[in-house]
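> Below you will find the structure I want to go over with you.
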Amino acid sequence: MKSVNAVTLLGNVTNDPELKTIDGGQSVCSFGLATNRFWKDSKGDRQTQAEFHNLVIWGKLGEFANEHVTKGKPLYIEGHLKTGSWKNDQGTMMHRTEVIVDNLILLGVKDKSPEVEQKESELVAA
């Protein structure tokens, strides 16, 4: 049986990206993204629910995100889910689901220099 693990999100960045380099020199960037769901309840009143997502971006795309993504900015991403498990200091099993980002598009007011646009096009072509 086939299966699909695909995520598409459009939301606002909740914190500035954090870039780390792991053993072997690989770059990894992480930050949060908030999305909102809207609907009308049985009385016809508009309801909203915020959801918060943990994003992880590897390699050159992660370095790009670290340079150009900032808290509060709108962002479109495509990726897939990955859940990790570990035991905390008290021995309790912990789980964390992350969105591994494969593609991102900066949204909002265009404040890009020609250099930023060139980097984006290089990343898309890679």
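Here, A, B, ... name the chains of the structure tokens in the order displayed, residue numbers run from 1 inside each chain, and ligands are numbered from 1 in the same displayed order.
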Identify, on the basis of only C-alpha atoms, every residue whose closest approach to Val13 in chain A does not exceed 9 Å; exclude the query and any residue fewer than 3 positions from it along the same chain; express the result as a PDB file with all heavy atoms, in the first residue's frame.

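Output saved as selection-v9.pdb:
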ATOM      1  N   ASP A  16      13.100  33.767  16.023  1.00  0.00           N
ATOM      2  CA  ASP A  16      14.205  33.839  15.074  1.00  0.00           C
ATOM      3  C   ASP A  16      14.873  32.468  14.944  1.00  0.00           C
ATOM      4  O   ASP A  16      14.990  31.724  15.928  1.00  0.00           O
ATOM      5  CB  ASP A  16      15.237  34.873  15.525  1.00  0.00           C
ATOM      6  CG  ASP A  16      14.753  36.301  15.315  1.00  0.00           C
ATOM      7  OD1 ASP A  16      13.950  36.529  14.386  1.00  0.00           O
ATOM      8  OD2 ASP A  16      15.178  37.191  16.077  1.00  0.00           O
ATOM      9  N   PRO A  17      15.326  32.135  13.740  1.00  0.00           N
ATOM     10  CA  PRO A  17      15.978  30.840  13.522  1.00  0.00           C
ATOM     11  C   PRO A  17      17.253  30.690  14.349  1.00  0.00           C
ATOM     12  O   PRO A  17      17.937  31.668  14.669  1.00  0.00           O
ATOM     13  CB  PRO A  17      16.317  30.860  12.036  1.00  0.00           C
ATOM     14  CG  PRO A  17      15.385  31.842  11.442  1.00  0.00           C
ATOM     15  CD  PRO A  17      15.182  32.888  12.502  1.00  0.00           C
ATOM     16  N   PHE A  31      13.347  26.569  14.005  1.00  0.00           N
ATOM     17  CA  PHE A  31      12.522  27.654  14.521  1.00  0.00           C
ATOM     18  C   PHE A  31      11.073  27.203  14.477  1.00  0.00           C
ATOM     19  O   PHE A  31      10.765  26.108  14.006  1.00  0.00           O
ATOM     20  CB  PHE A  31      12.735  28.963  13.744  1.00  0.00           C
ATOM     21  CG  PHE A  31      12.491  28.875  12.268  1.00  0.00           C
ATOM     22  CD1 PHE A  31      11.257  29.185  11.731  1.00  0.00           C
ATOM     23  CD2 PHE A  31      13.510  28.495  11.408  1.00  0.00           C
ATOM     24  CE1 PHE A  31      11.042  29.128  10.367  1.00  0.00           C
ATOM     25  CE2 PHE A  31      13.301  28.429  10.046  1.00  0.00           C
ATOM     26  CZ  PHE A  31      12.064  28.746   9.518  1.00  0.00           C
ATOM     27  N   GLY A  32      10.190  28.036  14.992  1.00  0.00           N
ATOM     28  CA  GLY A  32       8.774  27.690  15.049  1.00  0.00           C
ATOM     29  C   GLY A  32       7.950  28.442  14.025  1.00  0.00           C
ATOM     30  O   GLY A  32       8.321  29.514  13.558  1.00  0.00           O
ATOM     31  N   LEU A  33       6.804  27.860  13.697  1.00  0.00           N
ATOM     32  CA  LEU A  33       5.843  28.467  12.783  1.00  0.00           C
ATOM     33  C   LEU A  33       4.453  28.291  13.378  1.00  0.00           C
ATOM     34  O   LEU A  33       4.114  27.208  13.855  1.00  0.00           O
ATOM     35  CB  LEU A  33       5.905  27.787  11.405  1.00  0.00           C
ATOM     36  CG  LEU A  33       5.098  28.453  10.296  1.00  0.00           C
ATOM     37  CD1 LEU A  33       5.830  29.700   9.788  1.00  0.00           C
ATOM     38  CD2 LEU A  33       4.864  27.491   9.141  1.00  0.00           C
ATOM     39  N   ALA A  34       3.675  29.359  13.377  1.00  0.00           N
ATOM     40  CA  ALA A  34       2.300  29.303  13.877  1.00  0.00           C
ATOM     41  C   ALA A  34       1.331  29.366  12.707  1.00  0.00           C
ATOM     42  O   ALA A  34       1.511  30.157  11.780  1.00  0.00           O
ATOM     43  CB  ALA A  34       2.031  30.464  14.827  1.00  0.00           C
ATOM     44  N   VAL A  69      15.057  34.590   7.347  1.00  0.00           N
ATOM     45  CA  VAL A  69      13.785  34.403   8.053  1.00  0.00           C
ATOM     46  C   VAL A  69      13.887  35.101   9.403  1.00  0.00           C
ATOM     47  O   VAL A  69      14.891  34.971  10.098  1.00  0.00           O
ATOM     48  CB  VAL A  69      13.480  32.899   8.236  1.00  0.00           C
ATOM     49  CG1 VAL A  69      12.286  32.684   9.144  1.00  0.00           C
ATOM     50  CG2 VAL A  69      13.263  32.231   6.882  1.00  0.00           C
ATOM     51  N   THR A  70      12.845  35.851   9.764  1.00  0.00           N
ATOM     52  CA  THR A  70      12.827  36.524  11.064  1.00  0.00           C
ATOM     53  C   THR A  70      11.469  36.354  11.733  1.00  0.00           C
ATOM     54  O   THR A  70      10.450  36.124  11.064  1.00  0.00           O
ATOM     55  CB  THR A  70      13.131  38.035  10.935  1.00  0.00           C
ATOM     56  OG1 THR A  70      12.195  38.621  10.031  1.00  0.00           O
ATOM     57  CG2 THR A  70      14.542  38.290  10.444  1.00  0.00           C
ATOM     58  N   LYS A  71      11.472  36.470  13.030  1.00  0.00           N
ATOM     59  CA  LYS A  71      10.260  36.334  13.828  1.00  0.00           C
ATOM     60  C   LYS A  71       9.163  37.260  13.303  1.00  0.00           C
ATOM     61  O   LYS A  71       9.409  38.420  12.995  1.00  0.00           O
ATOM     62  CB  LYS A  71      10.562  36.667  15.287  1.00  0.00           C
ATOM     63  CG  LYS A  71       9.360  36.558  16.199  1.00  0.00           C
ATOM     64  CD  LYS A  71       9.726  36.893  17.621  1.00  0.00           C
ATOM     65  CE  LYS A  71       8.490  36.839  18.500  1.00  0.00           C
ATOM     66  NZ  LYS A  71       8.814  37.115  19.901  1.00  0.00           N
ATOM     67  N   GLY A  72       7.946  36.711  13.201  1.00  0.00           N
ATOM     68  CA  GLY A  72       6.787  37.487  12.781  1.00  0.00           C
ATOM     69  C   GLY A  72       6.510  37.481  11.293  1.00  0.00           C
ATOM     70  O   GLY A  72       5.413  37.818  10.858  1.00  0.00           O
ATOM     71  N   LYS A  73       7.488  37.112  10.488  1.00  0.00           N
ATOM     72  CA  LYS A  73       7.313  37.141   9.029  1.00  0.00           C
ATOM     73  C   LYS A  73       6.465  35.967   8.554  1.00  0.00           C
ATOM     74  O   LYS A  73       6.558  34.863   9.086  1.00  0.00           O
ATOM     75  CB  LYS A  73       8.674  37.078   8.319  1.00  0.00           C
ATOM     76  CG  LYS A  73       9.560  38.263   8.573  1.00  0.00           C
ATOM     77  CD  LYS A  73       9.085  39.441   7.783  1.00  0.00           C
ATOM     78  CE  LYS A  73      10.080  40.581   7.922  1.00  0.00           C
ATOM     79  NZ  LYS A  73       9.828  41.653   7.016  1.00  0.00           N
ATOM     80  N   PRO A  74       5.652  36.195   7.509  1.00  0.00           N
ATOM     81  CA  PRO A  74       4.891  35.082   6.925  1.00  0.00           C
ATOM     82  C   PRO A  74       5.822  34.191   6.100  1.00  0.00           C
ATOM     83  O   PRO A  74       6.784  34.667   5.493  1.00  0.00           O
ATOM     84  CB  PRO A  74       3.853  35.781   6.049  1.00  0.00           C
ATOM     85  CG  PRO A  74       4.453  37.103   5.727  1.00  0.00           C
ATOM     86  CD  PRO A  74       5.332  37.470   6.882  1.00  0.00           C
ATOM     87  N   LEU A  75       5.506  32.892   6.097  1.00  0.00           N
ATOM     88  CA  LEU A  75       6.374  31.929   5.435  1.00  0.00           C
ATOM     89  C   LEU A  75       5.534  30.768   4.906  1.00  0.00           C
ATOM     90  O   LEU A  75       4.598  30.314   5.569  1.00  0.00           O
ATOM     91  CB  LEU A  75       7.396  31.401   6.454  1.00  0.00           C
ATOM     92  CG  LEU A  75       8.510  30.518   5.962  1.00  0.00           C
ATOM     93  CD1 LEU A  75       9.444  31.282   5.031  1.00  0.00           C
ATOM     94  CD2 LEU A  75       9.313  29.982   7.148  1.00  0.00           C
TER      95      LEU A  75
END
> Pick out the residues sitting within 10 Å of range 53-55 of chain A, and hand them over as a CSV table (one decimal) with C-alpha atoms, in the first residue's frame; count only C-alpha atoms, and ignore anything fewer than 2 positions along from it in its own chain.

chain,number,residue,atom,x,y,z
A,9,LEU,CA,2.1,25.1,5.8
A,11,GLY,CA,2.0,30.8,8.7
A,13,VAL,CA,7.5,32.6,12.2
A,14,THR,CA,7.3,32.4,16.0
A,17,PRO,CA,16.0,30.8,13.5
A,29,CYS,CA,18.4,25.4,11.3
A,30,SER,CA,15.4,25.3,13.6
A,31,PHE,CA,12.5,27.7,14.5
A,32,GLY,CA,8.8,27.7,15.0
A,33,LEU,CA,5.8,28.5,12.8
A,34,ALA,CA,2.3,29.3,13.9
A,35,THR,CA,-0.8,28.5,11.8
A,51,GLU,CA,-1.3,25.5,16.1
A,57,ILE,CA,15.9,22.8,7.8
A,77,ILE,CA,6.9,25.7,3.6
A,79,GLY,CA,8.2,19.2,3.9
A,80,HIS,CA,7.5,16.0,5.7
A,81,LEU,CA,7.0,14.9,9.3
A,96,ARG,CA,8.7,15.4,19.5
A,97,THR,CA,7.2,15.7,16.0
A,98,GLU,CA,9.0,18.1,13.6
A,99,VAL,CA,8.5,19.3,10.1
A,100,ILE,CA,11.6,18.6,8.0
A,101,VAL,CA,11.5,21.5,5.5
> So which residues of range 11-124 of chain A fall under strand (DSSP E or B) by DSSP, listed as an NGL selection string?
:A and (11-13 or 18-21 or 27-40 or 46-58 or 74-87 or 93-106)
> How many Å lie between CA of Lys60 in chain A and CA of Thr21 in chain A, rounded to one decimal?
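These atoms are spaced 11.6 Å apart.
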> Quick one: distance from CA of Thr83 in chain A to CA of Val56 in chain A in Å, one decimal?
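Taking CA of Thr83 in chain A and CA of Val56 in chain A, their separation equals 11.7 Å.
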> With only C-alpha atoms as the basis for distance, which of A:Leu10, A:Met1, A:Glu18, A:Val109 is at the shortest distance from Glu67 in chain A?
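Selected residue with least distance to Glu67 in chain A: A:Glu18.
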> DSSP on the backbone: what in range 13-108 of chain A comes out alpha helix (DSSP H), as a list in words?
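Filtering range 13-108 of chain A down to alpha helix (DSSP H) leaves Gly59, Lys60, Leu61, Gly62, Glu63, Phe64, Ala65, Asn66, Glu67 and His68 of chain A.
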> Could you please take those selected residues and save all heavy atoms as a PDB file, in the first residue's frame?

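Contents of the output file selection14.pdb:
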ATOM      1  N   GLY A  59      21.211  21.821   5.773  1.00  0.00           N
ATOM      2  CA  GLY A  59      22.110  22.220   4.688  1.00  0.00           C
ATOM      3  C   GLY A  59      22.002  23.681   4.272  1.00  0.00           C
ATOM      4  O   GLY A  59      21.743  24.569   5.076  1.00  0.00           O
ATOM      5  N   LYS A  60      22.213  23.898   2.977  1.00  0.00           N
ATOM      6  CA  LYS A  60      22.225  25.265   2.424  1.00  0.00           C
ATOM      7  C   LYS A  60      20.892  25.974   2.609  1.00  0.00           C
ATOM      8  O   LYS A  60      20.848  27.172   2.842  1.00  0.00           O
ATOM      9  CB  LYS A  60      22.588  25.237   0.934  1.00  0.00           C
ATOM     10  CG  LYS A  60      23.977  24.743   0.645  1.00  0.00           C
ATOM     11  CD  LYS A  60      25.002  25.774   1.013  1.00  0.00           C
ATOM     12  CE  LYS A  60      26.391  25.293   0.612  1.00  0.00           C
ATOM     13  NZ  LYS A  60      27.430  26.128   1.188  1.00  0.00           N
ATOM     14  N   LEU A  61      19.783  25.233   2.508  1.00  0.00           N
ATOM     15  CA  LEU A  61      18.477  25.850   2.711  1.00  0.00           C
ATOM     16  C   LEU A  61      18.342  26.333   4.155  1.00  0.00           C
ATOM     17  O   LEU A  61      17.785  27.397   4.417  1.00  0.00           O
ATOM     18  CB  LEU A  61      17.346  24.890   2.342  1.00  0.00           C
ATOM     19  CG  LEU A  61      15.936  25.461   2.346  1.00  0.00           C
ATOM     20  CD1 LEU A  61      15.817  26.654   1.385  1.00  0.00           C
ATOM     21  CD2 LEU A  61      14.922  24.384   1.995  1.00  0.00           C
ATOM     22  N   GLY A  62      18.888  25.590   5.099  1.00  0.00           N
ATOM     23  CA  GLY A  62      18.890  26.009   6.497  1.00  0.00           C
ATOM     24  C   GLY A  62      19.725  27.261   6.713  1.00  0.00           C
ATOM     25  O   GLY A  62      19.340  28.159   7.475  1.00  0.00           O
ATOM     26  N   GLU A  63      20.855  27.346   6.047  1.00  0.00           N
ATOM     27  CA  GLU A  63      21.700  28.538   6.143  1.00  0.00           C
ATOM     28  C   GLU A  63      20.976  29.746   5.557  1.00  0.00           C
ATOM     29  O   GLU A  63      21.025  30.842   6.117  1.00  0.00           O
ATOM     30  CB  GLU A  63      23.030  28.294   5.422  1.00  0.00           C
ATOM     31  CG  GLU A  63      23.886  27.245   6.109  1.00  0.00           C
ATOM     32  CD  GLU A  63      25.099  26.825   5.297  1.00  0.00           C
ATOM     33  OE1 GLU A  63      25.455  27.537   4.323  1.00  0.00           O
ATOM     34  OE2 GLU A  63      25.691  25.780   5.618  1.00  0.00           O
ATOM     35  N   PHE A  64      20.281  29.537   4.439  1.00  0.00           N
ATOM     36  CA  PHE A  64      19.495  30.613   3.827  1.00  0.00           C
ATOM     37  C   PHE A  64      18.407  31.086   4.796  1.00  0.00           C
ATOM     38  O   PHE A  64      18.212  32.282   4.999  1.00  0.00           O
ATOM     39  CB  PHE A  64      18.865  30.128   2.512  1.00  0.00           C
ATOM     40  CG  PHE A  64      17.939  31.124   1.899  1.00  0.00           C
ATOM     41  CD1 PHE A  64      18.430  32.127   1.087  1.00  0.00           C
ATOM     42  CD2 PHE A  64      16.573  31.071   2.144  1.00  0.00           C
ATOM     43  CE1 PHE A  64      17.576  33.067   0.517  1.00  0.00           C
ATOM     44  CE2 PHE A  64      15.710  32.007   1.591  1.00  0.00           C
ATOM     45  CZ  PHE A  64      16.221  33.003   0.777  1.00  0.00           C
ATOM     46  N   ALA A  65      17.682  30.131   5.394  1.00  0.00           N
ATOM     47  CA  ALA A  65      16.621  30.482   6.343  1.00  0.00           C
ATOM     48  C   ALA A  65      17.187  31.267   7.523  1.00  0.00           C
ATOM     49  O   ALA A  65      16.586  32.260   7.960  1.00  0.00           O
ATOM     50  CB  ALA A  65      15.916  29.221   6.834  1.00  0.00           C
ATOM     51  N   ASN A  66      18.319  30.858   8.032  1.00  0.00           N
ATOM     52  CA  ASN A  66      18.926  31.558   9.159  1.00  0.00           C
ATOM     53  C   ASN A  66      19.241  33.014   8.820  1.00  0.00           C
ATOM     54  O   ASN A  66      19.112  33.896   9.659  1.00  0.00           O
ATOM     55  CB  ASN A  66      20.190  30.832   9.606  1.00  0.00           C
ATOM     56  CG  ASN A  66      20.792  31.444  10.837  1.00  0.00           C
ATOM     57  OD1 ASN A  66      20.170  31.486  11.893  1.00  0.00           O
ATOM     58  ND2 ASN A  66      22.012  31.954  10.704  1.00  0.00           N
ATOM     59  N   GLU A  67      19.631  33.265   7.572  1.00  0.00           N
ATOM     60  CA  GLU A  67      19.993  34.626   7.142  1.00  0.00           C
ATOM     61  C   GLU A  67      18.779  35.497   6.848  1.00  0.00           C
ATOM     62  O   GLU A  67      18.830  36.713   7.032  1.00  0.00           O
ATOM     63  CB  GLU A  67      20.860  34.564   5.881  1.00  0.00           C
ATOM     64  CG  GLU A  67      22.245  34.012   6.102  1.00  0.00           C
ATOM     65  CD  GLU A  67      23.026  33.918   4.797  1.00  0.00           C
ATOM     66  OE1 GLU A  67      22.744  34.701   3.858  1.00  0.00           O
ATOM     67  OE2 GLU A  67      23.922  33.054   4.720  1.00  0.00           O
ATOM     68  N   HIS A  68      17.664  34.899   6.374  1.00  0.00           N
ATOM     69  CA  HIS A  68      16.587  35.709   5.817  1.00  0.00           C
ATOM     70  C   HIS A  68      15.221  35.566   6.485  1.00  0.00           C
ATOM     71  O   HIS A  68      14.328  36.352   6.199  1.00  0.00           O
ATOM     72  CB  HIS A  68      16.450  35.409   4.319  1.00  0.00           C
ATOM     73  CG  HIS A  68      17.720  35.670   3.578  1.00  0.00           C
ATOM     74  ND1 HIS A  68      18.203  36.949   3.366  1.00  0.00           N
ATOM     75  CD2 HIS A  68      18.635  34.828   3.051  1.00  0.00           C
ATOM     76  CE1 HIS A  68      19.351  36.872   2.720  1.00  0.00           C
ATOM     77  NE2 HIS A  68      19.636  35.599   2.516  1.00  0.00           N
TER      78      HIS A  68
END
> Provide the CA of Glu78 in chain A to CA of Thr8 in chain A distance in Å, to one decimal place.
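Value for the CA of Glu78 in chain A-CA of Thr8 in chain A distance: 4.6 Å.
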